[in-house]
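Source file: my_file.cif (mmCIF, C-alpha atoms)
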data_start
loop_
_atom_site.label_atom_id
_atom_site.label_comp_id
_atom_site.auth_asym_id
_atom_site.auth_seq_id
_atom_site.Cartn_x
_atom_site.Cartn_y
_atom_site.Cartn_z
CA MET A 1 134.27 66.11 98.89
CA ALA A 2 131.13 67.91 100.00
CA SER A 3 127.94 67.32 101.95
CA VAL A 4 125.08 67.70 99.47
CA LEU A 5 121.32 67.89 99.91
CA VAL A 6 119.35 66.91 96.80
CA VAL A 7 115.77 68.23 96.76
CA GLU A 8 114.04 66.48 93.87
CA ASP A 9 110.64 64.76 93.67
CA ASP A 10 111.29 62.84 90.44
CA GLN A 11 112.59 59.50 91.70
CA PHE A 12 114.47 58.71 88.48
CA VAL A 13 116.30 62.06 88.43
CA ARG A 14 116.86 61.87 92.17
CA SER A 15 118.43 58.41 91.98
CA ALA A 16 120.69 59.46 89.11
CA LEU A 17 121.90 62.53 91.03
CA ILE A 18 122.54 60.51 94.18
CA ARG A 19 124.49 57.89 92.22
CA HIS A 20 126.63 60.46 90.42
CA LEU A 21 127.37 62.51 93.51
CA THR A 22 128.18 59.45 95.58
CA GLU A 23 130.54 58.16 92.90
CA ALA A 24 132.26 61.55 93.05
CA SER A 25 132.89 60.92 96.80
CA HIS A 26 130.29 63.41 98.04
CA THR A 27 128.08 62.71 101.05
CA VAL A 28 124.47 62.87 99.89
CA ARG A 29 121.11 63.18 101.58
CA SER A 30 117.94 63.55 99.54
CA VAL A 31 114.31 64.54 100.01
CA GLY A 32 111.32 64.96 97.73
CA THR A 33 109.49 67.94 99.25
CA ALA A 34 110.22 71.50 100.31
CA LEU A 35 109.18 70.92 103.93
CA GLU A 36 111.52 67.94 104.20
CA ALA A 37 114.31 70.11 102.78
CA LEU A 38 113.71 72.78 105.43
CA ARG A 39 113.83 70.15 108.18
CA GLU A 40 117.06 68.70 106.79
CA VAL A 41 118.76 72.10 106.61
CA ALA A 42 117.61 72.90 110.15
CA HIS A 43 119.14 69.71 111.56
CA PHE A 44 122.19 69.02 109.37
CA ARG A 45 125.00 71.07 107.91
CA PHE A 46 125.39 70.98 104.13
CA ASP A 47 127.96 72.48 101.78
CA VAL A 48 125.50 72.86 98.91
CA VAL A 49 121.81 72.28 98.13
CA ILE A 50 120.56 71.22 94.70
CA LEU A 51 116.96 72.44 94.57
CA ASP A 52 114.33 71.44 92.04
CA LEU A 53 111.59 74.03 91.46
CA GLY A 54 108.74 71.66 90.64
CA LEU A 55 108.10 70.26 94.11
CA PRO A 56 104.73 68.73 95.06
CA ASP A 57 104.08 70.67 98.27
CA LEU A 58 105.60 74.09 97.60
CA ASP A 59 107.06 75.82 94.58
CA GLY A 60 110.84 75.71 94.70
CA SER A 61 111.12 79.49 94.45
CA GLU A 62 109.14 79.82 97.68
CA ALA A 63 111.25 77.07 99.23
CA LEU A 64 114.35 79.05 98.28
CA LYS A 65 113.09 82.12 100.15
CA MET A 66 112.37 80.00 103.21
CA LEU A 67 115.80 78.39 103.03
CA ARG A 68 117.41 81.81 102.87
CA GLY A 69 115.57 82.70 106.08
CA ILE A 70 117.44 80.03 108.04
CA THR A 71 120.72 79.38 106.23
CA ASP A 72 123.31 80.85 103.88
CA VAL A 73 124.19 77.46 102.36
CA PRO A 74 124.90 77.72 98.61
CA VAL A 75 121.86 76.74 96.54
CA ILE A 76 121.98 75.56 92.93
CA ILE A 77 118.57 75.65 91.26
CA ALA A 78 117.71 72.77 88.92
CA THR A 79 114.84 73.84 86.70
CA ALA A 80 113.17 73.14 83.39
CA ARG A 81 112.20 76.82 83.26
CA ASP A 82 114.43 78.95 81.05
CA ASP A 83 112.54 82.24 81.25
CA GLU A 84 115.01 85.07 81.78
CA THR A 85 112.72 86.96 84.16
CA GLU A 86 112.32 83.85 86.28
CA ILE A 87 116.07 83.27 86.44
CA VAL A 88 116.73 86.87 87.49
CA ARG A 89 114.07 86.55 90.20
CA LEU A 90 115.70 83.37 91.52
CA LEU A 91 119.09 85.08 91.71
CA ASN A 92 117.47 88.00 93.50
CA ASP A 93 115.86 85.58 95.94
CA GLY A 94 119.23 84.14 96.90
CA ALA A 95 120.13 81.37 94.44
CA ASP A 96 123.87 80.99 93.91
CA ASP A 97 123.57 79.37 90.50
CA TYR A 98 121.09 77.56 88.30
CA LEU A 99 121.01 74.71 85.79
CA THR A 100 118.36 74.27 83.11
CA LYS A 101 117.11 70.70 82.68
CA PRO A 102 118.18 68.48 81.07
CA PHE A 103 121.82 68.89 82.10
CA SER A 104 124.79 66.55 82.09
CA VAL A 105 126.48 65.28 85.23
CA GLU A 106 129.68 66.95 84.01
CA HIS A 107 127.89 70.30 83.86
CA LEU A 108 126.52 69.79 87.36
CA SER A 109 129.97 68.85 88.66
CA ALA A 110 131.52 71.99 87.16
CA ARG A 111 128.84 74.27 88.63
CA MET A 112 129.13 72.58 92.04
CA ALA A 113 132.91 72.96 92.03
CA ALA A 114 132.63 76.67 91.21
CA VAL A 115 130.04 77.27 93.95
CA LEU A 116 132.12 75.39 96.52
CA ARG A 117 135.27 77.33 95.58
CA ARG A 118 133.43 80.57 96.18
CA SER A 119 132.01 79.48 99.52
CA ARG A 120 135.18 78.08 101.05
CA VAL A 121 138.49 79.57 102.13
CA PRO A 122 141.21 77.45 100.47
CA ALA A 123 143.15 75.19 102.81
CA GLY A 124 146.13 76.91 104.37
CA GLU A 125 144.87 80.37 103.61
CA THR A 126 143.59 82.90 106.12
CA PRO A 127 141.39 85.83 105.14
CA PRO A 128 143.12 89.17 105.49
CA SER A 129 142.45 90.75 108.87
CA SER A 130 142.96 94.42 108.01
CA GLU A 131 139.76 96.45 107.87
CA ILE A 132 138.92 98.16 104.59
CA ARG A 133 137.48 101.67 104.78
CA VAL A 134 136.03 103.60 101.86
CA GLY A 135 134.06 106.67 102.86
CA GLY A 136 131.43 105.53 105.33
CA LEU A 137 131.97 101.87 104.46
CA ALA A 138 133.90 99.68 106.90
CA ILE A 139 134.58 96.10 105.78
CA ASP A 140 136.14 93.42 107.98
CA PRO A 141 137.24 90.49 105.75
CA LEU A 142 138.15 88.26 108.71
CA ARG A 143 134.74 88.52 110.39
CA ARG A 144 133.00 88.93 107.03
CA GLN A 145 131.12 91.94 108.32
CA ALA A 146 130.42 95.28 106.69
CA GLU A 147 129.00 98.53 108.03
CA LEU A 148 127.75 101.67 106.36
CA ASP A 149 127.93 104.81 108.49
CA GLY A 150 128.07 102.63 111.61
CA THR A 151 125.09 100.43 110.68
CA ARG A 152 125.65 96.72 110.03
CA LEU A 153 124.82 95.63 106.49
CA ASP A 154 122.87 92.39 106.08
CA LEU A 155 124.75 90.90 103.12
CA THR A 156 124.69 87.49 101.52
CA ARG A 157 127.99 85.71 101.06
CA ARG A 158 128.21 86.74 97.40
CA GLU A 159 127.26 90.34 98.11
CA PHE A 160 129.98 90.55 100.73
CA ASP A 161 132.58 89.05 98.39
CA LEU A 162 131.66 91.50 95.63
CA LEU A 163 131.69 94.50 97.96
CA ALA A 164 135.00 93.51 99.59
CA PHE A 165 136.68 92.88 96.23
CA LEU A 166 135.66 96.27 94.83
CA ALA A 167 136.40 98.10 98.09
CA GLY A 168 139.90 96.66 98.07
CA ARG A 169 140.46 98.56 94.80
CA PRO A 170 138.81 101.94 95.46
CA GLY A 171 138.49 104.13 92.39
CA VAL A 172 139.71 101.34 90.08
CA VAL A 173 137.42 100.27 87.24
CA VAL A 174 137.25 96.47 87.43
CA PRO A 175 136.30 94.72 84.18
CA ARG A 176 133.37 92.32 84.34
CA LYS A 177 135.58 89.42 83.25
CA GLU A 178 137.78 90.05 86.26
CA LEU A 179 134.76 90.10 88.57
CA LEU A 180 133.61 86.76 87.15
CA ALA A 181 137.07 85.28 87.61
CA GLU A 182 137.78 86.63 91.09
CA VAL A 183 134.37 86.79 92.78
CA TRP A 184 132.49 84.04 90.93
CA GLN A 185 135.57 81.91 90.15
CA GLN A 186 134.41 81.52 86.56
CA SER A 187 136.34 82.15 83.36
CA TYR A 188 133.09 82.91 81.56
CA GLY A 189 129.51 83.64 82.47
CA ASP A 190 126.45 85.82 82.04
CA ASP A 191 126.88 89.55 82.72
CA GLN A 192 123.32 89.45 83.99
CA THR A 193 124.51 87.61 87.08
CA ILE A 194 126.80 90.54 87.93
CA ASP A 195 124.05 93.07 87.22
CA VAL A 196 121.60 91.28 89.51
CA HIS A 197 124.04 91.19 92.42
CA LEU A 198 125.10 94.80 91.86
CA SER A 199 121.44 95.85 91.92
CA TRP A 200 120.88 93.89 95.10
CA LEU A 201 123.99 95.39 96.71
CA ARG A 202 123.01 98.93 95.65
CA ARG A 203 119.67 98.62 97.44
CA LYS A 204 121.45 97.72 100.67
CA LEU A 205 123.81 100.67 100.24
CA GLY A 206 120.81 102.98 99.79
CA GLU A 207 121.53 103.91 96.18
CA THR A 208 120.41 103.14 92.64
CA ALA A 209 122.14 102.82 89.27
CA ALA A 210 120.60 106.16 88.29
CA ARG A 211 121.75 107.83 91.51
CA PRO A 212 124.95 106.02 92.57
CA ARG A 213 126.91 106.88 95.69
CA TYR A 214 129.54 104.14 95.99
CA LEU A 215 129.00 101.77 93.06
CA HIS A 216 129.53 103.17 89.58
CA THR A 217 129.05 101.21 86.35
CA LEU A 218 130.91 102.30 83.25
CA ARG A 219 128.99 100.85 80.34
CA GLY A 220 131.10 98.47 78.30
CA VAL A 221 134.08 98.86 80.65
CA GLY A 222 133.40 97.68 84.17
CA VAL A 223 132.50 98.65 87.73
CA LYS A 224 134.23 100.74 90.37
CA LEU A 225 133.64 101.58 94.01
CA GLU A 226 134.67 104.94 95.39
CA PRO A 227 133.55 107.20 98.25
CA PRO A 228 130.77 109.72 97.61
CA LEU A 229 131.85 113.20 96.66
#
Mind converting the file's structure to structure tokens?
Amino acid sequence: MASVLVVEDDQFVRSALIRHLTEASHTVRSVGTALEALREVAHFRFDVVILDLGLPDLDGSEALKMLRGITDVPVIIATARDDETEIVRLLNDGADDYLTKPFSVEHLSARMAAVLRRSRVPAGETPPSSEIRVGGLAIDPLRRQAELDGTRLDLTRREFDLLAFLAGRPGVVVPRKELLAEVWQQSYGDDQTIDVHLSWLRRKLGETAARPRYLHTLRGVGVKLEPPL
């Protein structure tokens, strides 16, 4: 059961989402504009936000950037746009997942479940407390903090999970399927999602794919993290 904010201006779609989510035992609040969504997130705690892009007052992509300025709540984009460039931009701007309209309630439920698994520590489990060090990287899984050469890294939840997972296996080439299964909690998915987050993480580590320091991609094999030479 989760607390869900539905941001959708189409009353028919909005009512259908509310009905489905409520029947699935989720607690649902809904709004029809970006500004209302920002007010809701500022005053209430949500486990996930379902965000439509075609809002009447502000484009959803701009709303996403504003949401990311005040919260790290998982955001699933609901959009009729299927342009690859647009999807990559949304992931870069902080979306956790996206659905292309029209979509089934079963598809939405599966994507929500995956996002919630990634954002929550399973009941009865405690994150490991031992600090991970690889070169100048220091990662504290318990506090979910990471530093590079003594400077705190401003990472999203997914970036931290990806960095911590790779740092826990220094020098080991991790296949993309394993990254999807362990970091994204998905048995299948688009490699582009991994590439986008790796690119985002590289920028924060001060490196590029052409001039890597910590993150190394082996084409057709996987990704590894190791200290600079």
- request: Might you pull out every residue within 9 Å of Val28 of chain A, with all atoms listed in the file counted and same-chain residues fewer than 4 positions away left off, and present them as a PyMOL selection string?
  value: chain A and resi 2-6+18+21-22
Grab the residues selected above and save them as a PDB file, in the coordinates of the input with C-alpha atoms.
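To be explicit, this is the file written out as selection31.pdb:
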ATOM      1  CA  ALA A   2     131.130  67.910 100.000  1.00  0.00           C
ATOM      2  CA  SER A   3     127.940  67.320 101.950  1.00  0.00           C
ATOM      3  CA  VAL A   4     125.080  67.700  99.470  1.00  0.00           C
ATOM      4  CA  LEU A   5     121.320  67.890  99.910  1.00  0.00           C
ATOM      5  CA  VAL A   6     119.350  66.910  96.800  1.00  0.00           C
ATOM      6  CA  ILE A  18     122.540  60.510  94.180  1.00  0.00           C
ATOM      7  CA  LEU A  21     127.370  62.510  93.510  1.00  0.00           C
ATOM      8  CA  THR A  22     128.180  59.450  95.580  1.00  0.00           C
TER       9      THR A  22
END
Would you compute an axis-aligned box for segment 196-214 of chain A, covering every atom listed for it in the file with 6 Å of margin on each side, and report centre and edge lengths in Å to one decimal as lines of an AutoDock Vina configuration file?
center_x = 124.6
center_y = 99.5
center_z = 94.5
size_x = 21.9
size_y = 28.6
size_z = 24.4
message: Considering only C-alpha atoms, can you say which of A:Arg29, A:Arg202, A:Arg213, A:Arg118 comes closest to Leu229 of chain A?
response: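 The shortest atom-to-atom distance to Leu229 of chain A comes from A:Arg213.
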- prompt: What's the 9 Å shell around Ser199 of chain A, counting only C-alpha atoms, without same-chain residues fewer than 5 positions away, as a list in words?
  reply: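 These residues fall inside the cut-off: Asn92, Ile194, Lys204, Thr208 and Ala209 of chain A.
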For those residues, write C-alpha atoms to a file as a PDB file, keeping the file's coordinate frame.
ATOM      1  CA  ASN A  92     117.470  88.000  93.500  1.00  0.00           C
ATOM      2  CA  ILE A 194     126.800  90.540  87.930  1.00  0.00           C
ATOM      3  CA  LYS A 204     121.450  97.720 100.670  1.00  0.00           C
ATOM      4  CA  THR A 208     120.410 103.140  92.640  1.00  0.00           C
ATOM      5  CA  ALA A 209     122.140 102.820  89.270  1.00  0.00           C
TER       6      ALA A 209
END
query: Pick from A:Arg219, A:His20, A:His43, A:Arg158: nearest to Glu106 of chain A, with all atoms listed in the file counted?
result: A:His20
message: Which residues would end up in the selection if the PyMOL selection byres ((chain A and resi 98) around 8) were applied here, given that I need the answer as an MDAnalysis selection string?
response: chainID A and resid 76:79 87 95:97 99:100
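If you look at atom CA of Leu198 of chain A and atom CA of Leu163 of chain A, they are 9.0 Å away from each other.
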Can you list what the PyMOL selection byres ((chain A and resi 145) around 12) grabs from this structure, as a compact mmCIF listing (two decimals) with C-alpha atoms, in the frame of the given file?
# COMPACT_ATOMS: atom_id res chain seq x y z
CA SER A 129 142.45 90.75 108.87
CA GLU A 131 139.76 96.45 107.87
CA ILE A 132 138.92 98.16 104.59
CA LEU A 137 131.97 101.87 104.46
CA ALA A 138 133.90 99.68 106.90
CA ILE A 139 134.58 96.10 105.78
CA ASP A 140 136.14 93.42 107.98
CA PRO A 141 137.24 90.49 105.75
CA LEU A 142 138.15 88.26 108.71
CA ARG A 143 134.74 88.52 110.39
CA ARG A 144 133.00 88.93 107.03
CA ALA A 146 130.42 95.28 106.69
CA GLU A 147 129.00 98.53 108.03
CA LEU A 148 127.75 101.67 106.36
CA GLY A 150 128.07 102.63 111.61
CA THR A 151 125.09 100.43 110.68
CA ARG A 152 125.65 96.72 110.03
CA LEU A 153 124.82 95.63 106.49
CA ASP A 154 122.87 92.39 106.08
CA LEU A 155 124.75 90.90 103.12
CA THR A 156 124.69 87.49 101.52
CA ARG A 157 127.99 85.71 101.06
CA GLU A 159 127.26 90.34 98.11
CA PHE A 160 129.98 90.55 100.73
CA ASP A 161 132.58 89.05 98.39
CA LEU A 163 131.69 94.50 97.96
CA ALA A 164 135.00 93.51 99.59
message: For a test of reading the model, state the distance in Å between atom CA of Glu8 of chain A and atom CA of Glu36 of chain A, rounded to one decimal.
response: 10.7 Å
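Note that atom CA of Arg111 of chain A and atom CA of Leu55 of chain A are 21.8 Å apart.
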query: Near Val221 of chain A, counting only C-alpha atoms, which residues have an atom at most 9 Å away, once you skip same-chain residues fewer than 5 positions from it, shown as number ranges by chain?
result: A: 173-176
Limited to C-alpha atoms, could you put the picked residues into a file as a compact mmCIF listing (two decimals), in the frame of the given file?
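Written file, part_38.txt:
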# COMPACT_ATOMS: atom_id res chain seq x y z
CA VAL A 173 137.42 100.27 87.24
CA VAL A 174 137.25 96.47 87.43
CA PRO A 175 136.30 94.72 84.18
CA ARG A 176 133.37 92.32 84.34
task: Report the residues retrieved by the PyMOL selection byres ((chain A and resi 72) around 12) from the displayed file, expressed as a PyMOL selection string.
output: chain A and resi 41-42+45-49+64-71+73-75+93-96+119+154-159
With N, CA and C atoms retained, output segment 78-117 of chain A as a PDB file, in the first residue's frame.
ATOM      1  N   ALA A  78       3.561   9.924 -17.121  1.00  0.00           N
ATOM      2  CA  ALA A  78       2.524   9.372 -17.987  1.00  0.00           C
ATOM      3  C   ALA A  78       2.397  10.314 -19.181  1.00  0.00           C
ATOM      4  N   THR A  79       2.741   9.838 -20.358  1.00  0.00           N
ATOM      5  CA  THR A  79       2.817  10.735 -21.504  1.00  0.00           C
ATOM      6  C   THR A  79       2.347  10.067 -22.791  1.00  0.00           C
ATOM      7  N   ALA A  80       1.795  10.868 -23.669  1.00  0.00           N
ATOM      8  CA  ALA A  80       1.441  10.379 -25.001  1.00  0.00           C
ATOM      9  C   ALA A  80       2.623  10.531 -25.950  1.00  0.00           C
ATOM     10  N   ARG A  81       3.689  11.178 -25.480  1.00  0.00           N
ATOM     11  CA  ARG A  81       4.867  11.411 -26.311  1.00  0.00           C
ATOM     12  C   ARG A  81       5.782  10.183 -26.261  1.00  0.00           C
ATOM     13  N   ASP A  82       6.172   9.698 -27.428  1.00  0.00           N
ATOM     14  CA  ASP A  82       7.034   8.519 -27.469  1.00  0.00           C
ATOM     15  C   ASP A  82       8.364   8.808 -28.158  1.00  0.00           C
ATOM     16  N   ASP A  83       8.699  10.090 -28.269  1.00  0.00           N
ATOM     17  CA  ASP A  83       9.971  10.480 -28.883  1.00  0.00           C
ATOM     18  C   ASP A  83      11.129  10.086 -27.972  1.00  0.00           C
ATOM     19  N   GLU A  84      12.106   9.388 -28.535  1.00  0.00           N
ATOM     20  CA  GLU A  84      13.215   8.870 -27.750  1.00  0.00           C
ATOM     21  C   GLU A  84      14.009   9.986 -27.084  1.00  0.00           C
ATOM     22  N   THR A  85      14.235  11.081 -27.818  1.00  0.00           N
ATOM     23  CA  THR A  85      14.984  12.208 -27.257  1.00  0.00           C
ATOM     24  C   THR A  85      14.259  12.793 -26.049  1.00  0.00           C
ATOM     25  N   GLU A  86      12.943  12.892 -26.157  1.00  0.00           N
ATOM     26  CA  GLU A  86      12.139  13.420 -25.061  1.00  0.00           C
ATOM     27  C   GLU A  86      12.217  12.525 -23.832  1.00  0.00           C
ATOM     28  N   ILE A  87      12.161  11.217 -24.047  1.00  0.00           N
ATOM     29  CA  ILE A  87      12.211  10.272 -22.939  1.00  0.00           C
ATOM     30  C   ILE A  87      13.561  10.341 -22.228  1.00  0.00           C
ATOM     31  N   VAL A  88      14.644  10.416 -23.009  1.00  0.00           N
ATOM     32  CA  VAL A  88      15.980  10.531 -22.414  1.00  0.00           C
ATOM     33  C   VAL A  88      16.086  11.811 -21.595  1.00  0.00           C
ATOM     34  N   ARG A  89      15.522  12.907 -22.123  1.00  0.00           N
ATOM     35  CA  ARG A  89      15.568  14.179 -21.397  1.00  0.00           C
ATOM     36  C   ARG A  89      14.812  14.076 -20.072  1.00  0.00           C
ATOM     37  N   LEU A  90      13.675  13.408 -20.084  1.00  0.00           N
ATOM     38  CA  LEU A  90      12.891  13.246 -18.857  1.00  0.00           C
ATOM     39  C   LEU A  90      13.664  12.437 -17.822  1.00  0.00           C
ATOM     40  N   LEU A  91      14.332  11.381 -18.256  1.00  0.00           N
ATOM     41  CA  LEU A  91      15.143  10.585 -17.329  1.00  0.00           C
ATOM     42  C   LEU A  91      16.295  11.423 -16.780  1.00  0.00           C
ATOM     43  N   ASN A  92      16.892  12.235 -17.644  1.00  0.00           N
ATOM     44  CA  ASN A  92      17.967  13.123 -17.199  1.00  0.00           C
ATOM     45  C   ASN A  92      17.466  14.160 -16.202  1.00  0.00           C
ATOM     46  N   ASP A  93      16.210  14.560 -16.358  1.00  0.00           N
ATOM     47  CA  ASP A  93      15.643  15.580 -15.480  1.00  0.00           C
ATOM     48  C   ASP A  93      15.155  15.003 -14.157  1.00  0.00           C
ATOM     49  N   GLY A  94      15.232  13.685 -14.001  1.00  0.00           N
ATOM     50  CA  GLY A  94      14.905  13.104 -12.699  1.00  0.00           C
ATOM     51  C   GLY A  94      13.729  12.158 -12.648  1.00  0.00           C
ATOM     52  N   ALA A  95      13.126  11.828 -13.802  1.00  0.00           N
ATOM     53  CA  ALA A  95      12.035  10.853 -13.791  1.00  0.00           C
ATOM     54  C   ALA A  95      12.578   9.477 -13.429  1.00  0.00           C
ATOM     55  N   ASP A  96      11.802   8.722 -12.664  1.00  0.00           N
ATOM     56  CA  ASP A  96      12.214   7.370 -12.286  1.00  0.00           C
ATOM     57  C   ASP A  96      11.750   6.336 -13.306  1.00  0.00           C
ATOM     58  N   ASP A  97      10.670   6.631 -14.000  1.00  0.00           N
ATOM     59  CA  ASP A  97      10.144   5.718 -15.004  1.00  0.00           C
ATOM     60  C   ASP A  97       9.142   6.490 -15.850  1.00  0.00           C
ATOM     61  N   TYR A  98       8.681   5.887 -16.916  1.00  0.00           N
ATOM     62  CA  TYR A  98       7.692   6.543 -17.753  1.00  0.00           C
ATOM     63  C   TYR A  98       6.775   5.492 -18.370  1.00  0.00           C
ATOM     64  N   LEU A  99       5.555   5.917 -18.674  1.00  0.00           N
ATOM     65  CA  LEU A  99       4.576   5.086 -19.361  1.00  0.00           C
ATOM     66  C   LEU A  99       4.031   5.883 -20.534  1.00  0.00           C
ATOM     67  N   THR A 100       3.910   5.237 -21.680  1.00  0.00           N
ATOM     68  CA  THR A 100       3.362   5.901 -22.856  1.00  0.00           C
ATOM     69  C   THR A 100       1.869   5.589 -22.955  1.00  0.00           C
ATOM     70  N   LYS A 101       1.056   6.646 -23.026  1.00  0.00           N
ATOM     71  CA  LYS A 101      -0.388   6.470 -23.157  1.00  0.00           C
ATOM     72  C   LYS A 101      -0.745   5.960 -24.550  1.00  0.00           C
ATOM     73  N   PRO A 102      -1.794   5.120 -24.655  1.00  0.00           N
ATOM     74  CA  PRO A 102      -2.586   4.556 -23.553  1.00  0.00           C
ATOM     75  C   PRO A 102      -1.860   3.369 -22.912  1.00  0.00           C
ATOM     76  N   PHE A 103      -2.052   3.175 -21.622  1.00  0.00           N
ATOM     77  CA  PHE A 103      -1.450   2.034 -20.936  1.00  0.00           C
ATOM     78  C   PHE A 103      -2.520   1.354 -20.086  1.00  0.00           C
ATOM     79  N   SER A 104      -2.294   0.085 -19.801  1.00  0.00           N
ATOM     80  CA  SER A 104      -3.253  -0.680 -19.004  1.00  0.00           C
ATOM     81  C   SER A 104      -2.994  -0.457 -17.519  1.00  0.00           C
ATOM     82  N   VAL A 105      -4.000  -0.711 -16.708  1.00  0.00           N
ATOM     83  CA  VAL A 105      -3.827  -0.574 -15.265  1.00  0.00           C
ATOM     84  C   VAL A 105      -2.834  -1.616 -14.751  1.00  0.00           C
ATOM     85  N   GLU A 106      -2.770  -2.765 -15.419  1.00  0.00           N
ATOM     86  CA  GLU A 106      -1.814  -3.799 -15.011  1.00  0.00           C
ATOM     87  C   GLU A 106      -0.375  -3.323 -15.250  1.00  0.00           C
ATOM     88  N   HIS A 107      -0.184  -2.646 -16.377  1.00  0.00           N
ATOM     89  CA  HIS A 107       1.145  -2.104 -16.683  1.00  0.00           C
ATOM     90  C   HIS A 107       1.534  -1.049 -15.651  1.00  0.00           C
ATOM     91  N   LEU A 108       0.606  -0.173 -15.336  1.00  0.00           N
ATOM     92  CA  LEU A 108       0.866   0.846 -14.321  1.00  0.00           C
ATOM     93  C   LEU A 108       1.200   0.208 -12.983  1.00  0.00           C
ATOM     94  N   SER A 109       0.445  -0.794 -12.591  1.00  0.00           N
ATOM     95  CA  SER A 109       0.684  -1.473 -11.308  1.00  0.00           C
ATOM     96  C   SER A 109       2.076  -2.084 -11.259  1.00  0.00           C
ATOM     97  N   ALA A 110       2.493  -2.711 -12.365  1.00  0.00           N
ATOM     98  CA  ALA A 110       3.813  -3.335 -12.407  1.00  0.00           C
ATOM     99  C   ALA A 110       4.917  -2.295 -12.305  1.00  0.00           C
ATOM    100  N   ARG A 111       4.771  -1.174 -13.010  1.00  0.00           N
ATOM    101  CA  ARG A 111       5.787  -0.120 -12.949  1.00  0.00           C
ATOM    102  C   ARG A 111       5.831   0.515 -11.558  1.00  0.00           C
ATOM    103  N   MET A 112       4.665   0.731 -10.951  1.00  0.00           N
ATOM    104  CA  MET A 112       4.620   1.289  -9.600  1.00  0.00           C
ATOM    105  C   MET A 112       5.305   0.363  -8.606  1.00  0.00           C
ATOM    106  N   ALA A 113       5.017  -0.936  -8.714  1.00  0.00           N
ATOM    107  CA  ALA A 113       5.609  -1.905  -7.790  1.00  0.00           C
ATOM    108  C   ALA A 113       7.128  -1.908  -7.903  1.00  0.00           C
ATOM    109  N   ALA A 114       7.643  -1.817  -9.134  1.00  0.00           N
ATOM    110  CA  ALA A 114       9.090  -1.807  -9.340  1.00  0.00           C
ATOM    111  C   ALA A 114       9.719  -0.554  -8.751  1.00  0.00           C
ATOM    112  N   VAL A 115       9.084   0.605  -8.981  1.00  0.00           N
ATOM    113  CA  VAL A 115       9.598   1.867  -8.443  1.00  0.00           C
ATOM    114  C   VAL A 115       9.590   1.853  -6.920  1.00  0.00           C
ATOM    115  N   LEU A 116       8.522   1.330  -6.333  1.00  0.00           N
ATOM    116  CA  LEU A 116       8.424   1.296  -4.871  1.00  0.00           C
ATOM    117  C   LEU A 116       9.433   0.328  -4.265  1.00  0.00           C
ATOM    118  N   ARG A 117       9.695  -0.792  -4.951  1.00  0.00           N
ATOM    119  CA  ARG A 117      10.725  -1.724  -4.458  1.00  0.00           C
ATOM    120  C   ARG A 117      12.081  -1.051  -4.425  1.00  0.00           C
TER     121      ARG A 117
END
